[in-house]
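Text of upload34.tsv (TSV, C-alpha atoms) as supplied:
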chain	number	residue	atom	x	y	z
A	1	MET	CA	-50.12	-79.63	51.57
A	2	LYS	CA	-53.19	-78.69	49.55
A	3	LEU	CA	-56.09	-80.61	48.00
A	4	CYS	CA	-56.90	-80.99	44.33
A	5	PRO	CA	-60.23	-79.20	43.69
A	6	LYS	CA	-61.35	-81.98	41.28
A	7	CYS	CA	-60.46	-85.31	42.93
A	8	GLY	CA	-59.42	-84.22	46.45
A	9	THR	CA	-55.95	-85.80	46.27
A	10	ALA	CA	-53.38	-84.26	48.65
A	11	ILE	CA	-50.53	-82.60	46.73
A	12	CYS	CA	-47.52	-80.45	47.64
A	13	GLU	CA	-47.77	-76.68	47.83
A	14	ASP	CA	-45.30	-76.09	44.98
A	15	GLU	CA	-47.01	-78.45	42.50
A	16	GLU	CA	-48.96	-76.79	39.68
A	17	SER	CA	-51.11	-79.83	38.73
A	18	CYS	CA	-52.57	-82.90	40.41
A	19	SER	CA	-50.37	-85.99	40.07
A	20	PHE	CA	-53.48	-88.26	40.13
A	21	CYS	CA	-55.97	-86.63	37.74
A	22	GLY	CA	-53.78	-84.01	36.05
A	23	GLU	CA	-56.02	-81.09	37.05
A	24	LYS	CA	-54.21	-77.73	37.04
A	25	ILE	CA	-54.11	-76.10	40.44
A	26	PRO	CA	-54.94	-72.38	40.47
A	27	ASP	CA	-52.47	-70.04	42.17
A	28	ALA	CA	-53.54	-69.32	45.71
A	29	SER	CA	-52.36	-65.72	45.42
A	30	PRO	CA	-54.30	-64.12	42.56
A	31	VAL	CA	-52.62	-61.47	40.46
A	32	ILE	CA	-53.97	-58.04	41.25
A	33	LYS	CA	-54.41	-56.08	38.07
A	34	THR	CA	-53.94	-52.34	38.20
A	35	ASP	CA	-54.20	-49.56	35.67
A	36	GLU	CA	-51.77	-47.31	37.55
A	37	SER	CA	-48.51	-46.47	35.81
A	38	LYS	CA	-45.15	-46.71	37.56
A	39	LYS	CA	-44.26	-43.35	36.04
A	40	THR	CA	-44.91	-40.15	38.00
A	41	ARG	CA	-47.00	-37.23	36.86
A	42	ILE	CA	-44.65	-34.56	38.23
A	43	THR	CA	-41.68	-35.88	36.24
A	44	ALA	CA	-43.68	-36.21	33.02
A	45	LEU	CA	-45.18	-32.76	33.59
A	46	LEU	CA	-41.84	-31.02	34.17
A	47	LEU	CA	-40.24	-32.74	31.18
A	48	GLY	CA	-43.19	-31.61	29.09
A	49	ILE	CA	-42.91	-28.01	30.30
A	50	PHE	CA	-39.15	-27.66	29.83
A	51	LEU	CA	-38.48	-30.08	26.94
A	52	GLY	CA	-41.94	-30.67	25.51
A	53	ASN	CA	-41.04	-29.69	21.94
A	54	ALA	CA	-38.18	-32.21	22.05
A	55	GLY	CA	-40.56	-34.98	23.20
A	56	ALA	CA	-38.73	-35.66	26.48
A	57	HIS	CA	-41.99	-36.47	28.30
A	58	ASP	CA	-42.95	-38.99	25.61
A	59	PHE	CA	-39.59	-40.74	25.84
A	60	TYR	CA	-40.01	-40.87	29.63
A	61	LEU	CA	-43.44	-42.49	29.24
A	62	GLY	CA	-42.08	-45.01	26.75
A	63	LYS	CA	-43.85	-43.47	23.76
A	64	LYS	CA	-40.81	-43.55	21.50
A	65	VAL	CA	-42.64	-42.94	18.21
A	66	ARG	CA	-44.22	-39.74	19.49
A	67	GLY	CA	-40.91	-38.66	20.97
A	68	ILE	CA	-39.10	-39.23	17.68
A	69	ILE	CA	-41.75	-37.20	15.82
A	70	HIS	CA	-41.26	-34.35	18.30
A	71	VAL	CA	-37.49	-34.54	17.74
A	72	ILE	CA	-37.95	-34.46	13.95
A	73	PHE	CA	-40.25	-31.44	14.25
A	74	THR	CA	-37.70	-29.74	16.52
A	75	PHE	CA	-34.84	-30.32	14.08
A	76	LEU	CA	-36.98	-29.10	11.19
A	77	THR	CA	-37.92	-26.01	13.21
A	78	ILE	CA	-34.27	-25.25	14.01
A	79	GLY	CA	-33.23	-25.97	10.42
A	80	MET	CA	-35.87	-23.72	8.87
A	81	ASN	CA	-35.08	-20.91	11.32
A	82	THR	CA	-31.35	-21.26	10.63
A	83	ALA	CA	-31.96	-21.16	6.88
A	84	SER	CA	-34.13	-18.06	7.27
A	85	LYS	CA	-31.44	-16.31	9.33
A	86	PHE	CA	-28.77	-17.37	6.83
A	87	PHE	CA	-30.57	-15.80	3.88
A	88	GLU	CA	-31.29	-12.73	5.98
A	89	GLU	CA	-27.55	-12.35	6.62
A	90	LEU	CA	-26.85	-12.85	2.92
A	91	GLN	CA	-29.39	-10.16	2.13
A	92	ASP	CA	-27.89	-7.72	4.63
A	93	SER	CA	-24.36	-8.39	3.36
A	94	ALA	CA	-25.45	-7.88	-0.25
A	95	ILE	CA	-27.14	-4.58	0.64
A	96	SER	CA	-24.09	-3.47	2.60
A	97	PHE	CA	-21.77	-4.38	-0.27
A	98	TYR	CA	-24.02	-2.50	-2.68
A	99	PHE	CA	-23.94	0.73	-0.68
A	100	ARG	CA	-20.17	0.46	-0.18
A	101	ASN	CA	-19.06	-0.38	-3.70
A	102	LEU	CA	-21.71	0.10	-6.39
A	103	ASP	CA	-23.27	3.15	-7.95
A	104	PRO	CA	-26.69	2.47	-9.55
A	105	CYS	CA	-26.53	5.81	-11.43
A	106	LYS	CA	-23.67	4.50	-13.58
A	107	GLY	CA	-25.68	1.52	-14.79
A	108	ASP	CA	-23.15	-0.93	-13.50
A	109	GLU	CA	-23.97	-4.53	-14.50
A	110	ALA	CA	-23.03	-5.62	-11.00
A	111	PHE	CA	-25.88	-3.48	-9.70
A	112	SER	CA	-28.58	-5.44	-11.53
A	113	TYR	CA	-26.79	-8.68	-10.71
A	114	LEU	CA	-26.71	-7.84	-7.02
A	115	SER	CA	-30.29	-6.51	-7.01
A	116	SER	CA	-31.60	-9.83	-8.31
A	117	TYR	CA	-29.67	-11.64	-5.59
A	118	ILE	CA	-31.12	-9.38	-2.90
A	119	LEU	CA	-34.67	-10.04	-4.09
A	120	SER	CA	-33.99	-13.79	-4.20
A	121	PHE	CA	-32.60	-13.73	-0.67
A	122	MET	CA	-35.71	-11.89	0.56
A	123	ASP	CA	-37.99	-14.51	-1.03
A	124	TYR	CA	-36.04	-17.45	0.41
A	125	LYS	CA	-35.93	-15.81	3.83
A	126	GLN	CA	-39.70	-15.39	3.91
A	127	ILE	CA	-40.35	-18.93	2.67
A	128	PHE	CA	-38.12	-20.56	5.28
A	129	HIS	CA	-39.47	-18.29	8.02
A	130	ARG	CA	-43.06	-19.28	7.25
A	131	ILE	CA	-42.18	-22.98	7.23
A	132	TYR	CA	-40.36	-22.46	10.55
A	133	LEU	CA	-43.47	-20.89	12.09
A	134	VAL	CA	-45.68	-23.74	10.88
A	135	PHE	CA	-43.45	-26.44	12.42
A	136	LEU	CA	-43.02	-24.43	15.63
A	137	ILE	CA	-46.75	-23.81	16.12
A	138	ILE	CA	-47.75	-27.42	15.39
A	139	ASN	CA	-45.08	-28.87	17.68
A	140	THR	CA	-45.81	-26.40	20.50
A	141	ILE	CA	-49.59	-26.88	20.41
A	142	TRP	CA	-49.12	-30.66	20.39
A	143	ALA	CA	-46.81	-30.47	23.42
A	144	ILE	CA	-49.22	-28.15	25.29
A	145	ILE	CA	-52.12	-30.56	24.72
A	146	GLU	CA	-50.04	-33.46	26.09
A	147	ILE	CA	-49.04	-31.36	29.12
A	148	ILE	CA	-52.70	-30.56	29.86
A	149	ILE	CA	-53.62	-34.25	29.58
A	150	ILE	CA	-50.81	-35.20	31.99
A	151	TRP	CA	-51.82	-32.46	34.43
A	152	SER	CA	-55.45	-33.60	34.45
A	153	GLY	CA	-54.44	-37.16	35.37
A	154	ALA	CA	-55.75	-38.63	32.12
A	155	GLY	CA	-52.29	-39.25	30.69
A	156	LYS	CA	-51.10	-42.80	30.04
A	157	ASP	CA	-47.75	-44.50	29.53
A	158	SER	CA	-46.82	-46.76	26.60
A	159	ASP	CA	-48.53	-49.74	28.30
A	160	GLY	CA	-51.83	-47.90	28.63
A	161	PHE	CA	-51.54	-47.40	32.40
A	162	LYS	CA	-52.78	-44.07	33.77
A	163	LEU	CA	-50.47	-41.50	35.36
A	164	THR	CA	-52.27	-41.24	38.70
A	165	LYS	CA	-49.33	-40.83	41.09
A	166	TRP	CA	-47.48	-37.58	41.58
A	167	ASN	CA	-44.49	-39.34	43.18
A	168	HIS	CA	-43.35	-42.62	44.75
A	169	LYS	CA	-42.81	-41.37	48.29
A	170	ASP	CA	-45.43	-43.67	49.78
A	171	GLU	CA	-44.05	-46.74	47.99
A	172	VAL	CA	-40.32	-46.38	48.63
A	173	LYS	CA	-38.87	-48.69	51.24
A	174	LYS	CA	-36.71	-47.17	53.94
A	175	GLU	CA	-33.62	-49.09	52.85
A	176	ASP	CA	-33.98	-47.74	49.28
A	177	VAL	CA	-33.98	-44.07	50.32
A	178	SER	CA	-30.90	-41.89	49.92
A	179	ALA	CA	-29.51	-39.68	52.68
A	180	LYS	CA	-29.61	-36.76	50.24
A	181	SER	CA	-32.53	-34.35	50.05
A	182	ASN	CA	-34.50	-34.13	46.84
A	183	THR	CA	-35.35	-30.48	47.59
A	184	THR	CA	-31.66	-29.59	47.73
A	185	THR	CA	-30.94	-31.63	44.62
A	186	ALA	CA	-33.76	-29.97	42.69
A	187	VAL	CA	-32.76	-26.43	43.77
A	188	LEU	CA	-29.11	-27.03	42.86
A	189	GLY	CA	-30.17	-28.51	39.54
A	190	PHE	CA	-32.42	-25.54	38.76
A	191	PHE	CA	-29.93	-22.78	39.57
A	192	LEU	CA	-26.54	-24.46	39.00
A	193	GLY	CA	-27.47	-27.45	36.86
A	194	GLY	CA	-25.20	-26.45	33.99
A	195	LEU	CA	-22.17	-26.67	36.29
A	196	GLY	CA	-23.14	-30.13	37.56
A	197	VAL	CA	-23.35	-28.98	41.20
A	198	GLN	CA	-26.33	-31.26	41.85
A	199	ASN	CA	-24.27	-34.25	40.71
A	200	PHE	CA	-21.35	-33.31	42.94
A	201	TYR	CA	-23.87	-33.14	45.81
A	202	CYS	CA	-25.26	-36.59	44.93
A	203	GLY	CA	-21.81	-38.12	44.54
A	204	ARG	CA	-22.12	-38.64	40.79
A	205	ILE	CA	-18.67	-37.24	40.10
A	206	LYS	CA	-18.20	-38.52	36.53
A	207	LYS	CA	-21.39	-36.91	35.31
A	208	ALA	CA	-20.54	-33.67	37.11
A	209	LEU	CA	-17.08	-33.59	35.49
A	210	LEU	CA	-18.71	-34.15	32.09
A	211	GLN	CA	-20.90	-31.10	32.65
A	212	LEU	CA	-17.87	-29.03	33.70
A	213	LEU	CA	-16.12	-30.18	30.52
A	214	LEU	CA	-19.07	-28.91	28.47
A	215	VAL	CA	-18.92	-25.55	30.26
A	216	PHE	CA	-15.17	-25.35	29.60
A	217	THR	CA	-15.83	-26.15	25.91
A	218	ILE	CA	-18.37	-23.32	25.70
A	219	PHE	CA	-15.98	-20.74	27.13
A	220	ALA	CA	-13.04	-22.06	25.08
A	221	ALA	CA	-15.06	-21.81	21.85
A	222	ALA	CA	-16.24	-18.31	22.78
A	223	TYR	CA	-12.64	-17.25	23.44
A	224	GLY	CA	-11.57	-18.74	20.11
A	225	ILE	CA	-14.27	-16.74	18.32
A	226	THR	CA	-13.08	-13.48	19.90
A	227	MET	CA	-9.47	-14.30	18.94
A	228	THR	CA	-10.24	-15.12	15.30
A	229	LYS	CA	-12.38	-12.00	14.90
A	230	PRO	CA	-14.42	-13.35	11.99
A	231	ASP	CA	-15.40	-10.99	9.19
A	232	LEU	CA	-18.92	-12.14	8.49
A	233	ASN	CA	-19.35	-9.74	5.59
A	234	SER	CA	-16.38	-11.31	3.80
A	235	PHE	CA	-17.87	-14.76	4.39
A	236	TYR	CA	-21.27	-13.88	2.95
A	237	GLU	CA	-19.79	-11.86	0.08
A	238	ALA	CA	-17.65	-14.86	-0.85
A	239	ILE	CA	-20.82	-16.95	-1.10
A	240	ILE	CA	-22.66	-14.33	-3.15
A	241	PHE	CA	-19.87	-13.82	-5.71
A	242	ASN	CA	-18.69	-17.47	-5.75
A	243	LYS	CA	-15.32	-16.62	-4.25
A	244	LYS	CA	-13.16	-18.76	-2.01
A	245	ILE	CA	-14.39	-18.64	1.58
A	246	PRO	CA	-11.67	-17.40	3.96
A	247	SER	CA	-10.35	-20.20	6.18
A	248	ILE	CA	-10.64	-17.96	9.24
A	249	SER	CA	-14.41	-17.66	8.60
A	250	ILE	CA	-14.78	-21.43	8.36
A	251	LEU	CA	-12.95	-21.84	11.67
A	252	SER	CA	-15.17	-19.22	13.30
A	253	PHE	CA	-18.35	-20.92	12.16
A	254	LEU	CA	-17.02	-24.26	13.40
A	255	LEU	CA	-16.38	-22.67	16.81
A	256	TYR	CA	-19.90	-21.20	16.77
A	257	PHE	CA	-21.30	-24.68	16.12
A	258	ILE	CA	-19.22	-26.28	18.90
A	259	MET	CA	-20.25	-23.59	21.36
A	260	GLY	CA	-23.94	-23.89	20.48
A	261	ALA	CA	-23.99	-27.70	20.55
A	262	SER	CA	-22.17	-27.81	23.91
A	263	PHE	CA	-24.59	-25.28	25.38
A	264	ILE	CA	-27.66	-27.23	24.19
A	265	VAL	CA	-26.35	-30.56	25.54
A	266	SER	CA	-25.41	-28.93	28.85
A	267	ARG	CA	-28.86	-27.38	29.28
A	268	ILE	CA	-30.68	-30.61	28.37
A	269	ILE	CA	-28.68	-32.58	30.96
A	270	ALA	CA	-29.39	-29.92	33.60
A	271	ILE	CA	-33.13	-29.80	32.84
A	272	VAL	CA	-33.52	-33.59	32.87
A	273	ASP	CA	-31.63	-33.81	36.17
A	274	PHE	CA	-33.85	-31.12	37.67
A	275	THR	CA	-37.09	-32.75	36.54
A	276	TYR	CA	-36.06	-36.17	37.82
A	277	ALA	CA	-34.98	-34.66	41.15
A	278	ALA	CA	-38.24	-32.72	41.50
A	279	GLY	CA	-40.16	-35.89	40.68
A	280	GLY	CA	-38.30	-37.93	43.28
A	281	LEU	CA	-36.72	-40.24	40.71
A	282	TYR	CA	-33.12	-39.08	40.84
A	283	LYS	CA	-30.53	-41.44	42.33
A	284	ASP	CA	-27.32	-40.87	44.22
A	285	SER	CA	-23.99	-42.60	43.60
A	286	TYR	CA	-25.23	-45.65	45.59
A	287	GLY	CA	-28.25	-46.07	43.29
A	288	LYS	CA	-30.69	-45.04	46.04
A	289	LEU	CA	-33.64	-42.78	45.29
A	290	ILE	CA	-33.41	-39.16	46.40
A	291	THR	CA	-37.13	-38.98	46.99
A	292	ILE	CA	-37.78	-37.17	50.29
A	293	ASP	CA	-37.23	-33.86	52.03
A	294	HIS	CA	-35.64	-34.75	55.36
A	295	LYS	CA	-37.33	-31.83	57.12
A	296	LYS	CA	-40.66	-33.57	56.46
A	297	ASN	CA	-39.49	-37.17	56.28
A	298	PRO	CA	-42.41	-39.60	56.43
A	299	LEU	CA	-40.03	-42.56	56.54
A	300	GLY	CA	-38.01	-41.50	59.53
A	301	ASP	CA	-34.30	-40.83	59.48
A	302	ALA	CA	-33.14	-41.87	56.03
A	303	LYS	CA	-29.49	-41.74	57.08
A	304	THR	CA	-30.00	-44.99	58.94
A	305	ALA	CA	-30.99	-46.62	55.66
A	306	LEU	CA	-27.71	-45.80	53.94
A	307	PRO	CA	-24.78	-48.13	54.59
A	308	LYS	CA	-21.48	-46.56	55.36
A	309	PRO	CA	-19.17	-46.49	52.33

Spell out the structure here as structure tokens.
Amino acid sequence: MKLCPKCGTAICEDEESCSFCGEKIPDASPVIKTDESKKTRITALLLGIFLGNAGAHDFYLGKKVRGIIHVIFTFLTIGMNTASKFFEELQDSAISFYFRNLDPCKGDEAFSYLSSYILSFMDYKQIFHRIYLVFLIINTIWAIIEIIIIWSGAGKDSDGFKLTKWNHKDEVKKEDVSAKSNTTTAVLGFFLGGLGVQNFYCGRIKKALLQLLLVFTIFAAAYGITMTKPDLNSFYEAIIFNKKIPSISILSFLLYFIMGASFIVSRIIAIVDFTYAAGGLYKDSYGKLITIDHKKNPLGDAKTALPKP
């Protein structure tokens, strides 16, 4: 029982207002406000170092708009660099074709035609390369500034709470701790992350098999490229002279794309796994945090906290 602060009437503990005078009863356990974020600095820092230009640290902190802007800048950077390389290859192919087939001393019309193309390719290459550098520099400097802010402890999450904690080791309950070691998980993720070894160790078999599938796709695409033996000069010459592009060249470029995309996805998964493991936020197949090194276990023997499967 408790007393109403206004009229003194005895009321039950679970009642929110006095049944006699209607006075609202304040909660006996006041809410403790804190400006500390639940996110960890080490995880945000590692994501910023390894995937800062892709905005991984901003997505982790809940800052989706910033993360999306980083992603847009990254795609623009890759696109401008790809366009610059493409026109560079066109230029090289045109020059090679010129030296192999044309004689400028004969005044061949194809010579002037091809010369104008070469000059155009040089201009386009320089334009796209300069745009690429602008996007790259802006995105990189922005990411570095955010990394410095996170490192200094002045970083905040999307709710405005400061990133003051390096990890959650002191807050994790014994029954929520995995029997796996976060040091082992992080080391495996760093050196063998692309093969999914850290996920096999943590019992996350499906994710590990997905990573192995990506590795198999990379090698299969690479083998397909070596078997097709693409003639890049024929591909670029077909573009220059408006000829039909050989189907074997199209297949080769498709295999190049599959190989590159699989490699990028595989590396991103491995880097994210490593950063989460190093930050003590990675979970095993039971959903328990892999947050301690058992050689220096402040919580005692974590194996006792894990129920037998």

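Closest approach to Thr184 (chain A) among A:Leu210, A:Ala278, A:Ala83, A:Met227 is made by A:Ala278 (distances from all atoms listed in the file).
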
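Interatomic distance, CA of Ile95 (chain A) to CA of Phe121 (chain A): 10.7 Å.
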
Using all atoms listed in the file, which residue out of A:Phe257, A:Phe216, A:Phe59, A:Phe161 lies closest to Gly194 (chain A)?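 Ranking A:Phe257, A:Phe216, A:Phe59, A:Phe161 by distance to Gly194 (chain A), first place goes to A:Phe216.
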
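Pairwise distance (CA of Ile205 (chain A), CA of Ile258 (chain A)) equals 23.9 Å.
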
Quick one: residues within 9 Å of Phe263 (chain A), all atoms listed in the file counted, chain neighbours fewer than 6 positions away excluded, as a PyMOL selection string? chain A and resi 194+214-215+217-218

For region 63-77 of chain A: contacts at 9 Å, only C-alpha atoms, fewer than 2 positions along chain excluded, given as a list of chain:residue names: A:Gly52, A:Asn53, A:Ala54, A:Gly55, A:Ala56, A:His57, A:Asp58, A:Phe59, A:Tyr60, A:Leu61, A:Gly79, A:Met80, A:Asn81, A:Thr82, A:Ile131, A:Tyr132, A:Leu133, A:Val134, A:Phe135, A:Leu136, A:Ile138, A:Asn139, A:Trp142, A:Ala143, A:Asp157, A:Ser158

I need the chosen residues saved as a PDB file, in the frame of the given file, with C-alpha atoms.
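The resulting file, part.pdb, is reproduced below:
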ATOM      1  CA  GLY A  52     -41.940 -30.670  25.510  1.00  0.00           C
ATOM      2  CA  ASN A  53     -41.040 -29.690  21.940  1.00  0.00           C
ATOM      3  CA  ALA A  54     -38.180 -32.210  22.050  1.00  0.00           C
ATOM      4  CA  GLY A  55     -40.560 -34.980  23.200  1.00  0.00           C
ATOM      5  CA  ALA A  56     -38.730 -35.660  26.480  1.00  0.00           C
ATOM      6  CA  HIS A  57     -41.990 -36.470  28.300  1.00  0.00           C
ATOM      7  CA  ASP A  58     -42.950 -38.990  25.610  1.00  0.00           C
ATOM      8  CA  PHE A  59     -39.590 -40.740  25.840  1.00  0.00           C
ATOM      9  CA  TYR A  60     -40.010 -40.870  29.630  1.00  0.00           C
ATOM     10  CA  LEU A  61     -43.440 -42.490  29.240  1.00  0.00           C
ATOM     11  CA  GLY A  79     -33.230 -25.970  10.420  1.00  0.00           C
ATOM     12  CA  MET A  80     -35.870 -23.720   8.870  1.00  0.00           C
ATOM     13  CA  ASN A  81     -35.080 -20.910  11.320  1.00  0.00           C
ATOM     14  CA  THR A  82     -31.350 -21.260  10.630  1.00  0.00           C
ATOM     15  CA  ILE A 131     -42.180 -22.980   7.230  1.00  0.00           C
ATOM     16  CA  TYR A 132     -40.360 -22.460  10.550  1.00  0.00           C
ATOM     17  CA  LEU A 133     -43.470 -20.890  12.090  1.00  0.00           C
ATOM     18  CA  VAL A 134     -45.680 -23.740  10.880  1.00  0.00           C
ATOM     19  CA  PHE A 135     -43.450 -26.440  12.420  1.00  0.00           C
ATOM     20  CA  LEU A 136     -43.020 -24.430  15.630  1.00  0.00           C
ATOM     21  CA  ILE A 138     -47.750 -27.420  15.390  1.00  0.00           C
ATOM     22  CA  ASN A 139     -45.080 -28.870  17.680  1.00  0.00           C
ATOM     23  CA  TRP A 142     -49.120 -30.660  20.390  1.00  0.00           C
ATOM     24  CA  ALA A 143     -46.810 -30.470  23.420  1.00  0.00           C
ATOM     25  CA  ASP A 157     -47.750 -44.500  29.530  1.00  0.00           C
ATOM     26  CA  SER A 158     -46.820 -46.760  26.600  1.00  0.00           C
TER      27      SER A 158
END

So which one's closest to Lys288 (chain A), A:Asn182, A:Gln198, A:Thr40, A:Ser116? Using only C-alpha atoms, please.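 Closest residue, counting only C-alpha atoms: A:Asn182.
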
Can you tell me how far CA of Ala221 (chain A) sits from CA of Ile268 (chain A), in Å to one decimal?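 One can read the CA of Ala221 (chain A) to CA of Ile268 (chain A) distance as 19.1 Å.
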
Residue nearest Lys125 (chain A) - candidates A:Asp273, A:Glu88, A:Asp159, A:Glu146, atoms counted: all atoms listed in the file: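 Closest candidate: A:Glu88.
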
Please provide as a ChimeraX atom specification all residues within 8 Å of Val197 (chain A), with the sequence filter that same-chain residues fewer than 6 positions apart are discarded (counting only C-alpha atoms). /A:188-189,208

Write out as a short mmCIF file (atom, residue, chain, number, x, y, z; two decimals) with C-alpha atoms, in the coordinates of the input the residues lying within 12 Å of Phe87 (chain A), counting all atoms listed in the file and excluding same-chain residues fewer than 4 positions away.
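Below is the file that was written, around-v3.cif:
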data_model
loop_
_atom_site.label_atom_id
_atom_site.label_comp_id
_atom_site.auth_asym_id
_atom_site.auth_seq_id
_atom_site.Cartn_x
_atom_site.Cartn_y
_atom_site.Cartn_z
CA MET A 80 -35.87 -23.72 8.87
CA ASN A 81 -35.08 -20.91 11.32
CA THR A 82 -31.35 -21.26 10.63
CA ALA A 83 -31.96 -21.16 6.88
CA GLN A 91 -29.39 -10.16 2.13
CA ASP A 92 -27.89 -7.72 4.63
CA SER A 93 -24.36 -8.39 3.36
CA ALA A 94 -25.45 -7.88 -0.25
CA TYR A 117 -29.67 -11.64 -5.59
CA ILE A 118 -31.12 -9.38 -2.90
CA LEU A 119 -34.67 -10.04 -4.09
CA SER A 120 -33.99 -13.79 -4.20
CA PHE A 121 -32.60 -13.73 -0.67
CA MET A 122 -35.71 -11.89 0.56
CA ASP A 123 -37.99 -14.51 -1.03
CA TYR A 124 -36.04 -17.45 0.41
CA LYS A 125 -35.93 -15.81 3.83
CA GLN A 126 -39.70 -15.39 3.91
CA ILE A 127 -40.35 -18.93 2.67
CA PHE A 128 -38.12 -20.56 5.28
CA HIS A 129 -39.47 -18.29 8.02
CA TYR A 236 -21.27 -13.88 2.95
CA ILE A 239 -20.82 -16.95 -1.10
CA ILE A 240 -22.66 -14.33 -3.15
#

Lys162 (chain A) environment, 9 Å, only C-alpha atoms, sequence neighbours closer than 5 positions dropped, as number ranges by chain: A: 35-39, 153-157

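Using all atoms listed in the file for every distance, the candidate list A:Ile290, A:Leu213, A:Cys12, A:Ala222 yields A:Ile290 as the residue closest to Tyr201 (chain A).
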
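Considering all atoms listed in the file, the residue among A:Trp151, A:Phe50, A:Tyr276, A:Phe200 positioned nearest to Leu212 (chain A) is A:Phe200.
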